[in-house]
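J.: Contents are JSON, C-alpha atoms; file name structure22.json:
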```
[["chain", "number", "residue", "atom", "x", "y", "z"],
["W", 1, "MET", "CA", -269.06, 198.08, 103.80],
["W", 2, "VAL", "CA", -267.96, 201.68, 103.24],
["W", 3, "HIS", "CA", -266.20, 201.62, 106.62],
["W", 4, "LYS", "CA", -264.33, 198.46, 105.62],
["W", 5, "ARG", "CA", -263.19, 200.09, 102.35],
["W", 6, "ILE", "CA", -261.98, 203.17, 104.19],
["W", 7, "VAL", "CA", -259.95, 201.00, 106.62],
["W", 8, "ILE", "CA", -258.37, 199.08, 103.72],
["W", 9, "LEU", "CA", -257.61, 202.35, 101.89],
["W", 10, "LEU", "CA", -256.07, 203.85, 105.03],
["W", 11, "CYS", "CA", -253.88, 200.76, 105.50],
["W", 12, "LEU", "CA", -252.68, 201.00, 101.91],
["W", 13, "LEU", "CA", -251.98, 204.73, 102.22],
["W", 14, "LEU", "CA", -250.09, 204.18, 105.46],
["W", 15, "ILE", "CA", -247.96, 201.46, 103.95],
["W", 16, "ILE", "CA", -247.25, 203.43, 100.77],
["W", 17, "ASN", "CA", -246.53, 206.73, 102.53],
["W", 18, "GLY", "CA", -244.63, 205.21, 105.43],
["W", 19, "CYS", "CA", -242.29, 203.09, 103.35],
["W", 20, "ALA", "CA", -238.73, 203.22, 104.61],
["W", 21, "VAL", "CA", -237.87, 200.66, 101.93],
["W", 22, "GLN", "CA", -239.42, 200.79, 98.48],
["W", 23, "SER", "CA", -239.71, 197.51, 96.60],
["W", 24, "SER", "CA", -239.17, 199.21, 93.25],
["W", 25, "LYS", "CA", -235.85, 200.67, 94.45],
["W", 26, "ALA", "CA", -234.75, 197.63, 96.44],
["W", 27, "PRO", "CA", -235.52, 194.57, 94.30],
["W", 28, "GLN", "CA", -232.68, 192.70, 96.05],
["W", 29, "ILE", "CA", -234.77, 192.52, 99.26],
["W", 30, "ASP", "CA", -237.63, 190.03, 99.17],
["W", 31, "ALA", "CA", -241.21, 191.23, 99.59],
["W", 32, "LYS", "CA", -241.82, 189.83, 103.07],
["W", 33, "THR", "CA", -238.61, 191.35, 104.47],
["W", 34, "THR", "CA", -239.43, 194.71, 102.89],
["W", 35, "TYR", "CA", -242.92, 194.54, 104.34],
["W", 36, "ALA", "CA", -241.56, 193.68, 107.81],
["W", 37, "LEU", "CA", -239.07, 196.57, 107.71],
["W", 38, "ASN", "CA", -241.75, 199.02, 106.68],
["W", 39, "LEU", "CA", -244.16, 197.83, 109.39],
["W", 40, "GLU", "CA", -241.42, 198.11, 112.02],
["W", 41, "SER", "CA", -240.42, 201.59, 110.86],
["W", 42, "GLN", "CA", -244.03, 202.73, 111.03],
["W", 43, "VAL", "CA", -244.67, 201.22, 114.48],
["W", 44, "THR", "CA", -241.38, 202.66, 115.82],
["W", 45, "GLN", "CA", -242.33, 206.13, 114.57],
["W", 46, "TYR", "CA", -245.80, 205.95, 116.15],
["W", 47, "ASN", "CA", -244.28, 204.90, 119.49],
["W", 48, "LYS", "CA", -242.06, 208.01, 119.32],
["W", 49, "ASP", "CA", -245.00, 210.26, 118.31],
["W", 50, "TYR", "CA", -247.12, 208.99, 121.24],
["W", 51, "MET", "CA", -244.31, 209.52, 123.79],
["W", 52, "GLN", "CA", -243.41, 212.96, 122.46],
["W", 53, "PHE", "CA", -247.03, 214.10, 122.37],
["W", 54, "PHE", "CA", -247.69, 213.38, 126.06],
["W", 55, "GLN", "CA", -244.32, 214.78, 127.18],
["W", 56, "ASP", "CA", -245.38, 218.00, 125.39],
["W", 57, "VAL", "CA", -248.82, 217.86, 127.05],
["W", 58, "GLY", "CA", -247.10, 217.76, 130.45],
["W", 59, "ILE", "CA", -245.01, 220.82, 129.55],
["W", 60, "ALA", "CA", -248.09, 222.66, 128.24],
["W", 61, "GLN", "CA", -250.01, 221.90, 131.43],
["W", 62, "ARG", "CA", -247.19, 223.15, 133.67],
["W", 63, "SER", "CA", -246.95, 226.36, 131.64],
["W", 64, "GLY", "CA", -250.72, 226.93, 131.95],
["W", 65, "GLN", "CA", -251.61, 226.38, 128.28],
["W", 66, "LEU", "CA", -253.76, 223.32, 129.09],
["W", 67, "THR", "CA", -256.19, 222.88, 132.00],
["W", 68, "THR", "CA", -256.54, 219.72, 134.08],
["W", 69, "ALA", "CA", -259.82, 218.99, 132.27],
["W", 70, "ASN", "CA", -258.04, 219.37, 128.90],
["W", 71, "VAL", "CA", -255.33, 216.94, 129.96],
["W", 72, "THR", "CA", -257.88, 214.43, 131.28],
["W", 73, "ALA", "CA", -259.68, 214.50, 127.92],
["W", 74, "LEU", "CA", -256.41, 213.98, 126.01],
["W", 75, "ASN", "CA", -255.38, 211.17, 128.37],
["W", 76, "THR", "CA", -258.63, 209.32, 127.67],
["W", 77, "ILE", "CA", -257.74, 209.16, 123.97],
["W", 78, "GLY", "CA", -254.08, 208.46, 124.82],
["W", 79, "SER", "CA", -254.93, 205.47, 127.00],
["W", 80, "ARG", "CA", -256.71, 203.87, 124.04],
["W", 81, "THR", "CA", -253.76, 204.70, 121.77],
["W", 82, "LYS", "CA", -251.34, 203.12, 124.26],
["W", 83, "VAL", "CA", -253.28, 199.83, 124.21],
["W", 84, "ALA", "CA", -253.32, 199.78, 120.39],
["W", 85, "LEU", "CA", -249.60, 200.63, 120.22],
["W", 86, "GLU", "CA", -248.63, 197.88, 122.66],
["W", 87, "GLU", "CA", -250.65, 195.38, 120.63],
["W", 88, "ALA", "CA", -249.00, 196.63, 117.41],
["W", 89, "ASP", "CA", -245.56, 196.31, 119.08],
["W", 90, "ARG", "CA", -246.34, 192.77, 120.24],
["W", 91, "LEU", "CA", -247.69, 191.66, 116.85],
["W", 92, "THR", "CA", -244.82, 193.30, 114.95],
["W", 93, "LYS", "CA", -242.32, 191.37, 117.07],
["W", 94, "ALA", "CA", -244.27, 188.20, 116.24],
["W", 95, "TYR", "CA", -244.43, 189.08, 112.53],
["W", 96, "ALA", "CA", -240.63, 189.43, 112.38],
["W", 97, "THR", "CA", -240.33, 185.69, 112.95],
["W", 98, "SER", "CA", -243.59, 184.29, 111.55],
["W", 99, "TYR", "CA", -244.19, 186.53, 108.50],
["W", 100, "ASP", "CA", -247.84, 185.53, 108.86],
["W", 101, "ALA", "CA", -250.15, 187.39, 106.47],
["W", 102, "GLY", "CA", -253.03, 187.51, 108.95],
["W", 103, "THR", "CA", -250.78, 189.11, 111.57],
["W", 104, "ALA", "CA", -249.64, 191.70, 109.02],
["W", 105, "ALA", "CA", -253.26, 192.55, 108.20],
["W", 106, "THR", "CA", -254.08, 193.01, 111.90],
["W", 107, "ILE", "CA", -251.04, 195.28, 112.33],
["W", 108, "GLY", "CA", -252.20, 197.30, 109.32],
["W", 109, "SER", "CA", -255.62, 197.83, 110.91],
["W", 110, "LEU", "CA", -254.00, 198.81, 114.23],
["W", 111, "LEU", "CA", -251.74, 201.31, 112.45],
["W", 112, "ALA", "CA", -254.79, 202.90, 110.82],
["W", 113, "GLN", "CA", -256.45, 203.22, 114.25],
["W", 114, "ILE", "CA", -253.26, 204.62, 115.85],
["W", 115, "SER", "CA", -252.79, 207.12, 113.04],
["W", 116, "SER", "CA", -256.38, 208.26, 113.43],
["W", 117, "ASP", "CA", -255.95, 208.60, 117.24],
["W", 118, "LEU", "CA", -252.70, 210.57, 116.89],
["W", 119, "THR", "CA", -254.37, 212.94, 114.42],
["W", 120, "LEU", "CA", -257.32, 213.33, 116.79],
["W", 121, "LEU", "CA", -254.95, 214.07, 119.69],
["W", 122, "VAL", "CA", -253.11, 216.78, 117.75],
["W", 123, "THR", "CA", -256.30, 218.45, 116.47],
["W", 124, "THR", "CA", -257.96, 218.27, 119.92],
["W", 125, "ARG", "CA", -254.93, 219.81, 121.66],
["W", 126, "SER", "CA", -254.74, 222.47, 118.96],
["W", 127, "SER", "CA", -258.40, 223.43, 119.51],
["W", 128, "MET", "CA", -257.84, 223.52, 123.29],
["W", 129, "THR", "CA", -254.91, 225.88, 123.00],
["W", 130, "GLY", "CA", -256.60, 228.03, 120.36],
["W", 131, "GLY", "CA", -254.34, 226.83, 117.60],
["W", 132, "VAL", "CA", -251.14, 227.19, 119.61],
["W", 133, "LYS", "CA", -249.23, 223.89, 119.89],
["O", 134, "MET", "CA", -220.95, 198.06, 131.77],
["O", 135, "ASN", "CA", -223.79, 195.55, 132.31],
["O", 136, "ALA", "CA", -225.65, 193.57, 129.65],
["O", 137, "GLY", "CA", -228.73, 195.80, 129.81],
["O", 138, "ALA", "CA", -226.66, 198.90, 129.10],
["O", 139, "ILE", "CA", -224.97, 197.23, 126.14],
["O", 140, "VAL", "CA", -228.33, 196.11, 124.65],
["O", 141, "PHE", "CA", -229.67, 199.65, 125.15],
["O", 142, "LEU", "CA", -226.65, 201.24, 123.46],
["O", 143, "VAL", "CA", -226.76, 198.82, 120.53],
["O", 144, "SER", "CA", -230.50, 199.31, 119.98],
["O", 145, "GLU", "CA", -230.18, 203.11, 120.21],
["O", 146, "SER", "CA", -227.29, 203.03, 117.72],
["O", 147, "ILE", "CA", -229.31, 200.92, 115.30],
["O", 148, "LYS", "CA", -232.26, 203.31, 115.62],
["O", 149, "LEU", "CA", -229.98, 206.29, 114.99],
["O", 150, "ILE", "CA", -228.40, 204.68, 111.93],
["O", 151, "LEU", "CA", -231.82, 203.64, 110.63],
["O", 152, "SER", "CA", -233.20, 207.11, 111.07],
["O", 153, "HIS", "CA", -230.24, 208.57, 109.22],
["O", 154, "LEU", "CA", -230.41, 206.01, 106.42],
["O", 155, "SER", "CA", -234.16, 206.26, 105.94],
["O", 156, "GLN", "CA", -233.94, 210.05, 105.67],
["O", 157, "ARG", "CA", -231.51, 209.62, 102.83],
["O", 158, "GLY", "CA", -233.47, 206.73, 101.28],
["O", 159, "SER", "CA", -230.41, 204.54, 101.74],
["O", 160, "LEU", "CA", -232.35, 201.64, 103.24],
["O", 161, "ASN", "CA", -233.02, 200.72, 99.65],
["O", 162, "THR", "CA", -229.33, 199.82, 99.29],
["O", 163, "LEU", "CA", -229.39, 197.13, 102.01],
["O", 164, "THR", "CA", -228.64, 193.57, 100.97],
["O", 165, "GLN", "CA", -231.14, 190.80, 101.77],
["O", 166, "ALA", "CA", -228.93, 189.56, 104.63],
["O", 167, "GLN", "CA", -228.54, 193.05, 106.10],
["O", 168, "ALA", "CA", -232.28, 193.63, 105.80],
["O", 169, "GLU", "CA", -233.02, 190.40, 107.69],
["O", 170, "VAL", "CA", -230.66, 191.45, 110.51],
["O", 171, "MET", "CA", -232.35, 194.84, 110.58],
["O", 172, "VAL", "CA", -235.81, 193.22, 110.85],
["O", 173, "LYS", "CA", -234.65, 191.23, 113.89],
["O", 174, "SER", "CA", -232.94, 194.22, 115.54],
["O", 175, "LEU", "CA", -235.90, 196.54, 115.06],
["O", 176, "ALA", "CA", -238.30, 193.91, 116.41],
["O", 177, "ASP", "CA", -236.11, 193.42, 119.50],
["O", 178, "ALA", "CA", -235.98, 197.20, 120.05],
["O", 179, "LEU", "CA", -239.79, 197.54, 120.17],
["O", 180, "PRO", "CA", -241.05, 198.02, 123.73],
["O", 181, "THR", "CA", -243.37, 195.49, 125.39],
["O", 182, "VAL", "CA", -244.93, 198.10, 127.70],
["O", 183, "LEU", "CA", -245.31, 201.81, 127.05],
["O", 184, "PRO", "CA", -245.56, 204.51, 129.72],
["O", 185, "THR", "CA", -249.06, 205.84, 130.39],
["O", 186, "PRO", "CA", -249.94, 209.40, 129.31],
["O", 187, "GLU", "CA", -249.77, 210.45, 132.99],
["O", 188, "GLU", "CA", -246.26, 208.98, 133.39],
["O", 189, "LEU", "CA", -245.07, 210.82, 130.28],
["O", 190, "GLU", "CA", -246.59, 214.10, 131.44],
["O", 191, "ASN", "CA", -245.01, 213.84, 134.88],
["O", 192, "PRO", "CA", -241.53, 212.34, 134.51],
["O", 193, "PRO", "CA", -239.70, 211.66, 137.78],
["O", 194, "GLN", "CA", -237.62, 214.66, 138.82],
["O", 195, "PRO", "CA", -233.90, 214.14, 139.42],
["O", 196, "PRO", "CA", -233.01, 214.36, 143.12],
["O", 197, "SER", "CA", -231.97, 217.87, 144.13],
["O", 198, "VAL", "CA", -228.37, 218.26, 145.26]]
```
Would you mind writing the file's structure down as structure tokens?

T.:
Amino acid sequence: MVHKRIVILLCLLLIINGCAVQSSKAPQIDAKTTYALNLESQVTQYNKDYMQFFQDVGIAQRSGQLTTANVTALNTIGSRTKVALEEADRLTKAYATSYDAGTAATIGSLLAQISSDLTLLVTTRSSMTGGVK
Amino acid sequence: MNAGAIVFLVSESIKLILSHLSQRGSLNTLTQAQAEVMVKSLADALPTVLPTPEELENPPQPPSV
């Protein structure tokens, strides 16, 4: 029950904080279009964050800041993040034509999971490099 | 220029404009029609498959001359 509340709260926070379009400032755009734009902006940003993170991991490994074991541990989390991101991408494409509320809710849950994974990746890498990014 | 290159250039341009506009909060000034076009364009620009962590860490090297 508590877990469910946390997931709902995280989804709300994500949507509020990640809003590229704010309903209060853009009343001319209907709610479902605003929601779609904000979901797409959020998913696009997470795709970029995932790609940038692992490009940086490769650079850090080549420069000796991360060991092979470190990279393997990060890749385990990253593989899970990749699956969630691809599902979010697929559902967001679908939402852009269906505007289905159930699909939007599933995307919201995926975004919460992806956000949590990306945070975990950054904190784990930071602890591996002794606080150096 | 082939069709793939044109689609890539258009999607990259849209992403660049969107990034610029969202930083300035100007997405709020879109009309309903423009917003609907933007929804479609952004959805089309989303990838269907992402590279694995290993592929991102080890990008292919350009051939040496």

J.: With all atoms listed in the file considered, list every residue of chain W at most 7 Å from chain O, as a list in words.

T.: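 Therefore, the residues near the partner are Ala20, Val21, Gln22, Lys25, Ala26, Gln28, Ile29, Thr33, Ala36, Leu37, Glu40, Thr44, Met51, Phe54, Gln55, Val57, Gly58, Asn75, Gly78, Ser79, Lys82, Glu86, Asp89, Arg90, Thr92, Lys93 and Ala96 of chain W.
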
J.: Take the residues that were just selected and, keeping C-alpha atoms, output them as a compact mmCIF listing (two decimals), keeping the file's coordinate frame.

T.:
```
# COMPACT_ATOMS: atom_id res chain seq x y z
CA ALA W 20 -238.73 203.22 104.61
CA VAL W 21 -237.87 200.66 101.93
CA GLN W 22 -239.42 200.79 98.48
CA LYS W 25 -235.85 200.67 94.45
CA ALA W 26 -234.75 197.63 96.44
CA GLN W 28 -232.68 192.70 96.05
CA ILE W 29 -234.77 192.52 99.26
CA THR W 33 -238.61 191.35 104.47
CA ALA W 36 -241.56 193.68 107.81
CA LEU W 37 -239.07 196.57 107.71
CA GLU W 40 -241.42 198.11 112.02
CA THR W 44 -241.38 202.66 115.82
CA MET W 51 -244.31 209.52 123.79
CA PHE W 54 -247.69 213.38 126.06
CA GLN W 55 -244.32 214.78 127.18
CA VAL W 57 -248.82 217.86 127.05
CA GLY W 58 -247.10 217.76 130.45
CA ASN W 75 -255.38 211.17 128.37
CA GLY W 78 -254.08 208.46 124.82
CA SER W 79 -254.93 205.47 127.00
CA LYS W 82 -251.34 203.12 124.26
CA GLU W 86 -248.63 197.88 122.66
CA ASP W 89 -245.56 196.31 119.08
CA ARG W 90 -246.34 192.77 120.24
CA THR W 92 -244.82 193.30 114.95
CA LYS W 93 -242.32 191.37 117.07
CA ALA W 96 -240.63 189.43 112.38
```

J.: For CA of Ala73 in chain W and CA of Arg125 in chain W, quote the distance in Å rounded to one decimal.

T.: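 About the pair CA of Ala73 in chain W and CA of Arg125 in chain W: they are 9.5 Å apart.
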
J.: Measuring atom to atom with only C-alpha atoms, identify which of W:Thr97, W:Thr81, W:Thr123, W:Thr129 is nearest to Tyr46 in chain W.

T.: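 Answer, going by the shortest atom-to-atom distance: W:Thr81.
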
J.: Quick one: pull the distance between CA of Leu120 in chain W and CA of Asn38 in chain W, Å, one decimal.

T.: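 Those two atoms sit 23.4 Å apart.
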
J.: What does the distance from CA of Leu91 in chain W to CA of Ala104 in chain W come to in Å, to one decimal?

T.: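 Pair CA of Leu91 in chain W / CA of Ala104 in chain W returns 8.1 Å.
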